[in-house]
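Undergrad: Input file: input10.cif. Contents: mmCIF, C-alpha atoms.
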```
data_data
loop_
_atom_site.label_atom_id
_atom_site.label_comp_id
_atom_site.auth_asym_id
_atom_site.auth_seq_id
_atom_site.Cartn_x
_atom_site.Cartn_y
_atom_site.Cartn_z
CA MET A 3 13.64 8.71 51.40
CA LYS A 4 12.78 12.30 50.58
CA GLU A 5 10.31 14.13 52.80
CA ASP A 6 6.86 15.21 51.68
CA LYS A 7 6.26 18.77 52.78
CA PHE A 8 3.56 21.29 52.07
CA ASP A 9 2.68 24.76 53.33
CA PHE A 10 -0.55 24.69 55.38
CA TYR A 11 -1.45 28.00 53.73
CA SER A 12 -0.45 26.83 50.30
CA LYS A 13 -1.53 29.16 47.52
CA THR A 14 -0.10 32.49 48.60
CA SER A 15 -1.86 34.97 46.34
CA LEU A 16 0.18 37.81 47.81
CA LYS A 17 2.84 37.05 45.23
CA SER A 18 0.46 38.22 42.53
CA TYR A 19 0.76 41.79 43.73
CA ASN A 20 3.84 43.98 43.29
CA LEU A 21 4.29 45.68 46.63
CA ASP A 22 5.94 49.07 46.21
CA ALA A 23 8.42 50.66 48.62
CA SER A 24 5.77 52.31 50.79
CA MET A 25 3.96 48.98 51.20
CA ARG A 26 7.19 47.30 52.18
CA TYR A 27 7.54 49.90 54.92
CA GLN A 28 4.17 48.95 56.38
CA LEU A 29 5.00 45.25 56.25
CA SER A 30 8.41 45.88 57.83
CA MET A 31 6.57 46.74 61.06
CA LEU A 32 6.07 43.00 61.54
CA ASP A 33 9.80 42.59 62.15
CA SER A 34 9.32 44.05 65.64
CA LEU A 35 6.78 41.38 66.64
CA ASP A 36 7.62 38.06 68.29
CA ALA A 37 7.97 35.12 65.88
CA PHE A 38 4.61 33.55 66.75
CA THR A 39 2.62 36.79 66.34
CA ARG A 40 4.49 37.65 63.14
CA LYS A 41 3.66 34.26 61.63
CA HIS A 42 0.03 34.66 62.69
CA CYS A 43 -0.12 38.08 60.98
CA GLU A 44 1.34 36.59 57.80
CA ASN A 45 -1.20 33.75 57.87
CA VAL A 46 -4.12 36.12 58.43
CA ALA A 47 -2.92 38.35 55.58
CA ASN A 48 -2.65 35.31 53.29
CA LEU A 49 -6.19 34.19 54.14
CA THR A 50 -7.53 37.74 53.86
CA CYS A 51 -6.02 38.16 50.41
CA ARG A 52 -7.57 34.94 49.15
CA ILE A 53 -10.95 35.62 50.76
CA CYS A 54 -11.00 38.98 48.94
CA GLU A 55 -10.34 37.21 45.65
CA TYR A 56 -13.25 34.81 46.20
CA MET A 57 -15.43 37.80 47.03
CA ASN A 58 -14.43 39.33 43.67
CA ALA A 59 -12.87 42.38 45.31
CA SER A 60 -10.79 44.72 43.18
CA ASN A 61 -7.01 44.39 43.20
CA LYS A 62 -6.75 47.77 44.91
CA PHE A 63 -9.06 46.78 47.76
CA THR A 64 -7.43 43.35 48.06
CA VAL A 65 -3.99 44.90 48.52
CA TYR A 66 -5.40 47.44 51.00
CA CYS A 67 -7.24 44.77 52.98
CA THR A 68 -4.20 42.47 52.95
CA ILE A 69 -1.95 45.15 54.44
CA CYS A 70 -4.61 45.92 57.06
CA ALA A 71 -4.48 42.21 57.91
CA TYR A 72 -0.69 42.23 58.15
CA LEU A 73 -0.95 45.06 60.69
CA HIS A 74 -4.01 43.84 62.59
CA ASP A 75 -2.04 42.63 65.65
CA ILE A 76 0.66 45.32 65.59
CA GLY A 77 -0.63 46.55 68.98
CA LYS A 78 0.70 43.36 70.58
CA LEU A 79 4.07 45.12 70.54
CA PHE A 80 2.83 46.83 73.69
CA VAL A 81 1.44 43.76 75.46
CA PRO A 82 3.83 42.34 78.11
CA PRO A 83 5.47 39.11 76.86
CA LYS A 84 4.40 37.24 80.01
CA ILE A 85 0.77 37.83 78.98
CA LEU A 86 1.26 37.51 75.24
CA GLN A 87 3.09 34.19 75.55
CA LYS A 88 1.09 32.72 78.42
CA THR A 89 -0.06 29.20 77.55
CA SER A 90 -2.67 28.84 80.31
CA SER A 91 -5.92 30.82 80.55
CA LEU A 92 -5.63 34.55 81.10
CA THR A 93 -7.05 36.12 84.23
CA ASP A 94 -9.75 38.77 83.77
CA GLU A 95 -7.17 41.47 84.39
CA GLU A 96 -4.72 39.93 81.91
CA PHE A 97 -7.46 39.59 79.29
CA GLU A 98 -8.27 43.29 79.60
CA ILE A 99 -4.60 44.05 78.95
CA MET A 100 -4.59 41.68 75.97
CA LYS A 101 -7.70 43.33 74.55
CA SER A 102 -5.90 46.68 74.60
CA HIS A 103 -3.78 45.60 71.61
CA THR A 104 -6.64 46.75 69.36
CA THR A 105 -6.67 50.36 70.55
CA LEU A 106 -2.89 50.48 71.02
CA GLY A 107 -2.36 49.21 67.48
CA TYR A 108 -4.87 51.75 66.17
CA LYS A 109 -3.11 54.62 67.95
CA MET A 110 0.25 53.47 66.63
CA CYS A 111 -1.09 53.43 63.07
CA MET A 112 -2.77 56.84 63.43
CA LYS A 113 0.49 58.43 64.63
CA ASP A 114 2.39 57.23 61.55
CA LEU A 115 1.28 58.75 58.24
CA GLN A 116 2.33 55.67 56.30
CA LEU A 117 0.43 53.32 58.60
CA ARG A 118 -2.64 55.51 59.08
CA PRO A 119 -4.53 54.29 55.98
CA TYR A 120 -4.41 50.73 57.35
CA SER A 121 -5.55 51.38 60.91
CA ALA A 122 -8.87 49.58 60.32
CA GLY A 123 -7.23 46.18 60.70
CA ALA A 124 -6.06 46.96 64.22
CA ILE A 125 -9.23 48.52 65.58
CA TYR A 126 -11.96 46.36 64.01
CA HIS A 127 -10.67 42.78 63.88
CA HIS A 128 -12.22 41.73 67.20
CA GLU A 129 -15.59 43.44 66.73
CA GLY A 130 -18.59 41.12 66.34
CA LEU A 131 -21.54 41.81 64.06
CA ASP A 132 -23.92 41.16 66.97
CA GLY A 133 -22.20 43.73 69.19
CA SER A 134 -20.39 41.12 71.28
CA GLY A 135 -16.88 42.12 70.24
CA TYR A 136 -14.35 44.67 71.42
CA PRO A 137 -13.01 47.31 71.92
CA ASN A 138 -16.16 49.27 71.13
CA GLY A 139 -18.94 46.66 70.93
CA LEU A 140 -19.89 47.81 67.43
CA THR A 141 -22.59 46.11 65.37
CA LYS A 142 -22.64 45.14 61.70
CA LYS A 143 -23.63 48.54 60.33
CA ASP A 144 -20.61 50.19 61.98
CA ILE A 145 -17.95 47.59 61.16
CA PRO A 146 -16.32 48.12 57.74
CA ILE A 147 -16.06 45.10 55.46
CA GLU A 148 -12.26 44.93 55.83
CA GLY A 149 -12.71 44.50 59.58
CA GLN A 150 -15.29 41.77 59.01
CA ILE A 151 -13.00 39.90 56.61
CA ILE A 152 -9.98 40.09 58.91
CA ARG A 153 -12.13 38.90 61.86
CA VAL A 154 -12.96 35.65 60.00
CA ALA A 155 -9.37 35.07 58.83
CA ASP A 156 -8.02 35.87 62.31
CA GLU A 157 -10.42 33.53 64.09
CA TYR A 158 -9.70 30.66 61.70
CA ASP A 159 -5.93 30.97 62.06
CA ALA A 160 -6.17 31.34 65.84
CA ILE A 161 -8.01 28.00 66.08
CA VAL A 162 -5.67 26.31 63.59
CA SER A 163 -2.60 27.52 65.49
CA LYS A 164 -4.00 26.58 68.90
CA ARG A 165 -4.82 23.06 67.72
CA GLN A 166 -1.47 22.80 65.92
CA TYR A 167 -2.88 21.31 62.74
CA LYS A 168 -0.24 19.63 60.58
CA SER A 169 -2.79 18.46 58.03
CA HIS A 170 -6.33 19.43 57.02
CA ILE A 171 -7.68 16.19 58.47
CA ASP A 172 -10.49 17.14 60.92
CA ILE A 173 -10.31 20.79 59.83
CA SER A 174 -14.10 20.53 59.44
CA ASP A 175 -14.30 20.82 63.25
CA THR A 176 -12.84 24.32 62.94
CA ILE A 177 -15.27 25.22 60.16
CA SER A 178 -18.11 23.97 62.35
CA MET A 179 -17.01 26.33 65.14
CA LEU A 180 -16.97 29.26 62.72
CA ILE A 181 -20.43 28.33 61.44
CA ASP A 182 -21.65 28.52 65.05
CA ASP A 183 -20.15 32.01 65.26
CA ALA A 184 -21.93 33.01 62.04
CA THR A 185 -25.29 31.82 63.38
CA PRO A 186 -27.47 34.40 65.20
CA GLN A 187 -28.09 33.58 68.85
CA HIS A 188 -30.89 34.47 71.29
CA GLY A 189 -33.04 36.25 68.73
CA GLU A 190 -30.18 38.42 67.40
CA LYS A 191 -30.30 39.49 63.75
CA ASP A 192 -26.63 38.65 63.14
CA GLY A 193 -24.07 36.19 64.42
CA LYS A 194 -20.58 37.24 65.42
CA ILE A 195 -19.08 36.84 61.93
CA ASN A 196 -20.30 37.46 58.39
CA PRO A 197 -21.62 34.24 56.74
CA LYS A 198 -20.79 35.49 53.25
CA ILE A 199 -17.16 35.94 54.26
CA LEU A 200 -17.15 32.52 55.93
CA LYS A 201 -18.37 30.95 52.67
CA ALA A 202 -15.41 32.54 50.89
CA LEU A 203 -13.04 31.22 53.58
CA ILE A 204 -14.48 27.73 53.14
CA LYS A 205 -13.60 27.88 49.44
CA VAL A 206 -10.05 28.88 50.42
CA VAL A 207 -9.86 25.94 52.84
CA ILE A 208 -11.12 23.51 50.21
CA ASP A 209 -8.44 24.84 47.84
CA ASP A 210 -5.82 24.11 50.49
CA ILE A 211 -7.15 20.61 51.09
CA GLU A 212 -6.98 19.96 47.35
CA TYR A 213 -3.41 21.25 47.35
CA GLU A 214 -2.51 18.98 50.26
CA LYS A 215 -4.05 16.07 48.36
CA TYR A 216 -1.88 16.98 45.36
CA CYS A 217 1.26 17.03 47.54
CA VAL A 218 0.42 13.71 49.18
CA LYS A 219 -0.50 12.15 45.83
CA GLU A 220 2.77 13.33 44.31
CA TYR A 221 4.69 11.79 47.19
CA THR A 222 2.60 8.60 46.95
CA GLU A 223 3.59 8.26 43.31
CA TYR A 224 7.25 8.72 44.29
CA LEU A 225 6.83 5.92 46.83
CA GLU A 226 5.14 3.68 44.26
CA GLU A 227 8.02 4.14 41.84
CA ASN A 228 10.53 3.15 44.52
CA ILE A 229 8.46 0.21 45.72
CA LYS A 230 8.37 -1.06 42.12
CA ARG A 231 12.15 -0.57 41.85
CA LEU A 232 12.79 -2.41 45.12
CA HIS A 233 10.61 -5.30 44.02
CA GLU A 234 12.75 -5.53 40.88
CA ILE A 235 15.82 -5.64 43.11
CA ASP A 236 14.18 -8.45 45.05
CA LYS A 237 13.65 -10.44 41.84
CA TYR A 238 17.28 -10.01 40.80
CA ALA A 239 18.50 -10.89 44.32
CA THR A 240 16.41 -14.05 44.37
CA LYS A 241 17.74 -15.13 40.97
CA MET A 242 21.26 -14.32 42.10
CA GLU A 243 20.88 -16.62 45.11
CA GLU A 244 19.37 -19.39 42.99
CA ALA A 245 21.94 -19.13 40.17
CA LYS A 246 24.35 -22.04 39.98
CA LYS A 247 26.79 -20.54 37.52
CA GLU A 248 29.14 -17.81 38.71
CA LYS A 249 28.62 -15.72 35.58
CA ASP A 250 24.86 -15.76 36.20
CA LYS A 251 25.38 -14.70 39.83
CA ILE A 252 27.53 -11.80 38.65
CA TYR A 253 24.92 -10.83 36.03
CA TYR A 254 22.10 -10.65 38.57
CA GLU A 255 24.31 -8.94 41.15
CA ASN A 256 25.10 -6.23 38.58
CA GLY A 257 21.35 -5.85 38.02
CA VAL A 258 20.86 -5.34 41.74
CA ASN A 259 23.67 -2.78 41.98
CA ILE A 260 22.30 -0.77 39.05
CA LEU A 261 18.91 -0.43 40.79
CA LEU A 262 20.22 0.36 44.26
CA GLU A 263 20.16 4.02 45.30
CA LYS A 264 22.23 5.99 47.81
CA GLY A 265 22.21 4.40 51.25
CA GLU A 266 20.77 1.13 49.96
CA THR A 267 22.66 -2.15 49.93
CA ILE A 268 21.83 -5.72 49.03
CA SER A 269 21.67 -6.48 52.75
CA ASN A 270 19.27 -3.66 53.75
CA TYR A 271 16.97 -3.24 50.74
CA HIS A 272 14.28 -5.42 52.41
CA ASP A 273 14.14 -2.94 55.31
CA VAL A 274 13.99 -0.03 52.87
CA LEU A 275 11.16 -1.72 50.97
CA GLU A 276 9.23 -2.25 54.19
CA GLU A 277 9.72 1.42 55.09
CA TYR A 278 8.45 2.58 51.70
CA GLU A 279 5.43 0.28 51.82
CA HIS A 280 4.52 1.51 55.31
CA ALA A 281 4.87 5.14 54.18
CA HIS A 282 2.70 4.40 51.14
CA SER A 283 -0.02 2.86 53.31
CA VAL A 284 0.00 5.91 55.60
CA ARG A 285 -0.27 8.33 52.65
CA CYS A 286 -3.14 6.38 51.10
CA ASP A 287 -4.98 6.64 54.42
CA ILE A 288 -4.34 10.39 54.49
CA LEU A 289 -5.71 10.76 50.95
CA ASN A 290 -8.89 8.91 51.92
CA LYS A 291 -9.33 11.11 54.99
CA LEU A 292 -8.76 14.32 53.00
CA ASP A 293 -11.36 13.20 50.44
CA ALA A 294 -13.80 12.57 53.28
CA GLU A 295 -12.97 15.96 54.78
CA ILE A 296 -13.81 17.81 51.56
CA LYS A 297 -17.12 15.95 51.26
CA LYS A 298 -17.97 16.75 54.87
CA ILE A 299 -17.18 20.45 54.49
CA LYS A 300 -19.17 20.74 51.25
CA LYS A 301 -22.23 19.39 53.05
CA MET A 302 -22.00 22.01 55.77
CA LYS A 303 -24.56 24.80 55.66
CA VAL A 304 -23.62 28.36 56.55
#
```
Mind turning this structure into structure tokens?
TA:
Amino acid sequence: MKEDKFDFYSKTSLKSYNLDASMRYQLSMLDSLDAFTRKHCENVANLTCRICEYMNASNKFTVYCTICAYLHDIGKLFVPPKILQKTSSLTDEEFEIMKSHTTLGYKMCMKDLQLRPYSAGAIYHHEGLDGSGYPNGLTKKDIPIEGQIIRVADEYDAIVSKRQYKSHIDISDTISMLIDDATPQHGEKDGKINPKILKALIKVVIDDIEYEKYCVKEYTEYLEENIKRLHEIDKYATKMEEAKKEKDKIYYENGVNILLEKGETISNYHDVLEEYEHAHSVRCDILNKLDAEIKKIKKMKV
């Protein structure tokens, strides 16, 4: 049985842009990061790129913002691995060290002429519109739009990674958390994140759910074809057992052998059929849950 696989961040728009040599240099900086942080940076860049497209940004700004997103966590090069890779809660002292990745990343970019144009990603991606962010506690008027976009993409991927989502089932819980962050608190004018950007992210997420549905549906159809084939084998096998003439037994046995695929035999096809039918039932349940997830997300108000 073939495996059904899909990329959680499916429609990588980055491929639509031809990155020149200088851009490749900026992106090569990721090679120095640990595997987890590098993957996170790639995910955030992917989301940022697609958010920009839904916000009708120009190609030039989208490429710029995407590279800023790639480099947003470059300062984590200077965070001790024991803090960066700690799975339990950070102490106050450790959190202060972790927070320094914003200013360290900014300084690194400013020292390199090829990275300097993209320093905004490093310094602004943890600022909150209501002034609750870091490193400088800026408010909306002082946070450039690229920083606001990367903040939303970064927060979404951080939650997704922490919860280790393998599917978009229950992803609405993550969207709900982001909606809370976009909602002003205690009489503030703004929430932590920009609601317009969150709306664009939600469209990206719905696209990905639709893509997952497509992948699951495609695999479901593959299963259905094989279930139908195995039922045909069952019919031939039954007739073979009931046949009284040897030539009829041989005829039906040949029919069985023609339909059998690699790894299947006349003695194990029942087990294979049961496996396919179970897999089909599971995928149908996933499709129903993904449909429900889309409906739930579309009803959410930002």
Undergrad: Once the PyMOL selection byres ((chain A and resi 87-89) around 12) has been applied to the shown file, what residues remain in the selection, as a ChimeraX atom specification?
TA: /A:36-39,78,81-86,90-93,96-97,100,164
Undergrad: What separation in Å, quoted to one decimal, exists between CA of Glu234 (chain A) and CA of Tyr216 (chain A)?
TA: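 Atom-to-atom, CA of Glu234 (chain A) to CA of Tyr216 (chain A), that is 27.2 Å.
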Undergrad: List the neighbours of region 134-149 of chain A out to 6 Å using only C-alpha atoms; skip same-chain residues closer than 5 positions along the sequence, and give me the result as a PyMOL selection string.
TA: chain A and resi 67+123+126-129
Undergrad: Store the residues of this selection in a file with C-alpha atoms, as a PDB file, in the coordinates of the input.
TA:
```
ATOM      1  CA  CYS A  67      -7.240  44.770  52.980  1.00  0.00           C
ATOM      2  CA  GLY A 123      -7.230  46.180  60.700  1.00  0.00           C
ATOM      3  CA  TYR A 126     -11.960  46.360  64.010  1.00  0.00           C
ATOM      4  CA  HIS A 127     -10.670  42.780  63.880  1.00  0.00           C
ATOM      5  CA  HIS A 128     -12.220  41.730  67.200  1.00  0.00           C
ATOM      6  CA  GLU A 129     -15.590  43.440  66.730  1.00  0.00           C
TER       7      GLU A 129
END
```
Undergrad: Skip Lys241 (chain A) itself and residues of its chain fewer than 5 positions away, then list as a list of chain:residue names all residues within 12 Å of it, counting all atoms listed in the file.
TA: A:Glu234, A:Ile235, A:Asp236, A:Lys246, A:Lys247, A:Glu248, A:Asp250, A:Lys251, A:Ile252, A:Tyr253, A:Tyr254, A:Glu255, A:Asn256, A:Gly257, A:Val258
Undergrad: Store the residues picked out above in a file with C-alpha atoms, as a PDB file, keeping the file's coordinate frame.
TA:
```
ATOM      1  CA  GLU A 234      12.750  -5.530  40.880  1.00  0.00           C
ATOM      2  CA  ILE A 235      15.820  -5.640  43.110  1.00  0.00           C
ATOM      3  CA  ASP A 236      14.180  -8.450  45.050  1.00  0.00           C
ATOM      4  CA  LYS A 246      24.350 -22.040  39.980  1.00  0.00           C
ATOM      5  CA  LYS A 247      26.790 -20.540  37.520  1.00  0.00           C
ATOM      6  CA  GLU A 248      29.140 -17.810  38.710  1.00  0.00           C
ATOM      7  CA  ASP A 250      24.860 -15.760  36.200  1.00  0.00           C
ATOM      8  CA  LYS A 251      25.380 -14.700  39.830  1.00  0.00           C
ATOM      9  CA  ILE A 252      27.530 -11.800  38.650  1.00  0.00           C
ATOM     10  CA  TYR A 253      24.920 -10.830  36.030  1.00  0.00           C
ATOM     11  CA  TYR A 254      22.100 -10.650  38.570  1.00  0.00           C
ATOM     12  CA  GLU A 255      24.310  -8.940  41.150  1.00  0.00           C
ATOM     13  CA  ASN A 256      25.100  -6.230  38.580  1.00  0.00           C
ATOM     14  CA  GLY A 257      21.350  -5.850  38.020  1.00  0.00           C
ATOM     15  CA  VAL A 258      20.860  -5.340  41.740  1.00  0.00           C
TER      16      VAL A 258
END
```
Undergrad: Figure out the distance between CA of Cys286 (chain A) and CA of Lys4 (chain A), please, to one decimal in Å.
TA: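 According to the coordinates, CA of Lys4 (chain A) and CA of Cys286 (chain A) are separated by 17.0 Å.
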Undergrad: Figure out the distance between CA of Lys230 (chain A) and CA of Tyr213 (chain A), please, to one decimal in Å.
TA: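 Taking CA of Tyr213 (chain A) and CA of Lys230 (chain A), their separation equals 25.8 Å.
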Undergrad: Skip region 267-280 of chain A itself and residues of its chain fewer than 6 positions away, then list as number ranges by chain all residues within 7 Å of it, counting all atoms listed in the file.
TA: A: 225, 229, 232
Undergrad: Using the chain letters and numbers from the file, give me the residues hit by the PyMOL selection byres ((chain A and resi 79) around 8), as JSON, numbers by chain.
TA: {"A": [34, 35, 76, 77, 78, 80, 81, 103]}
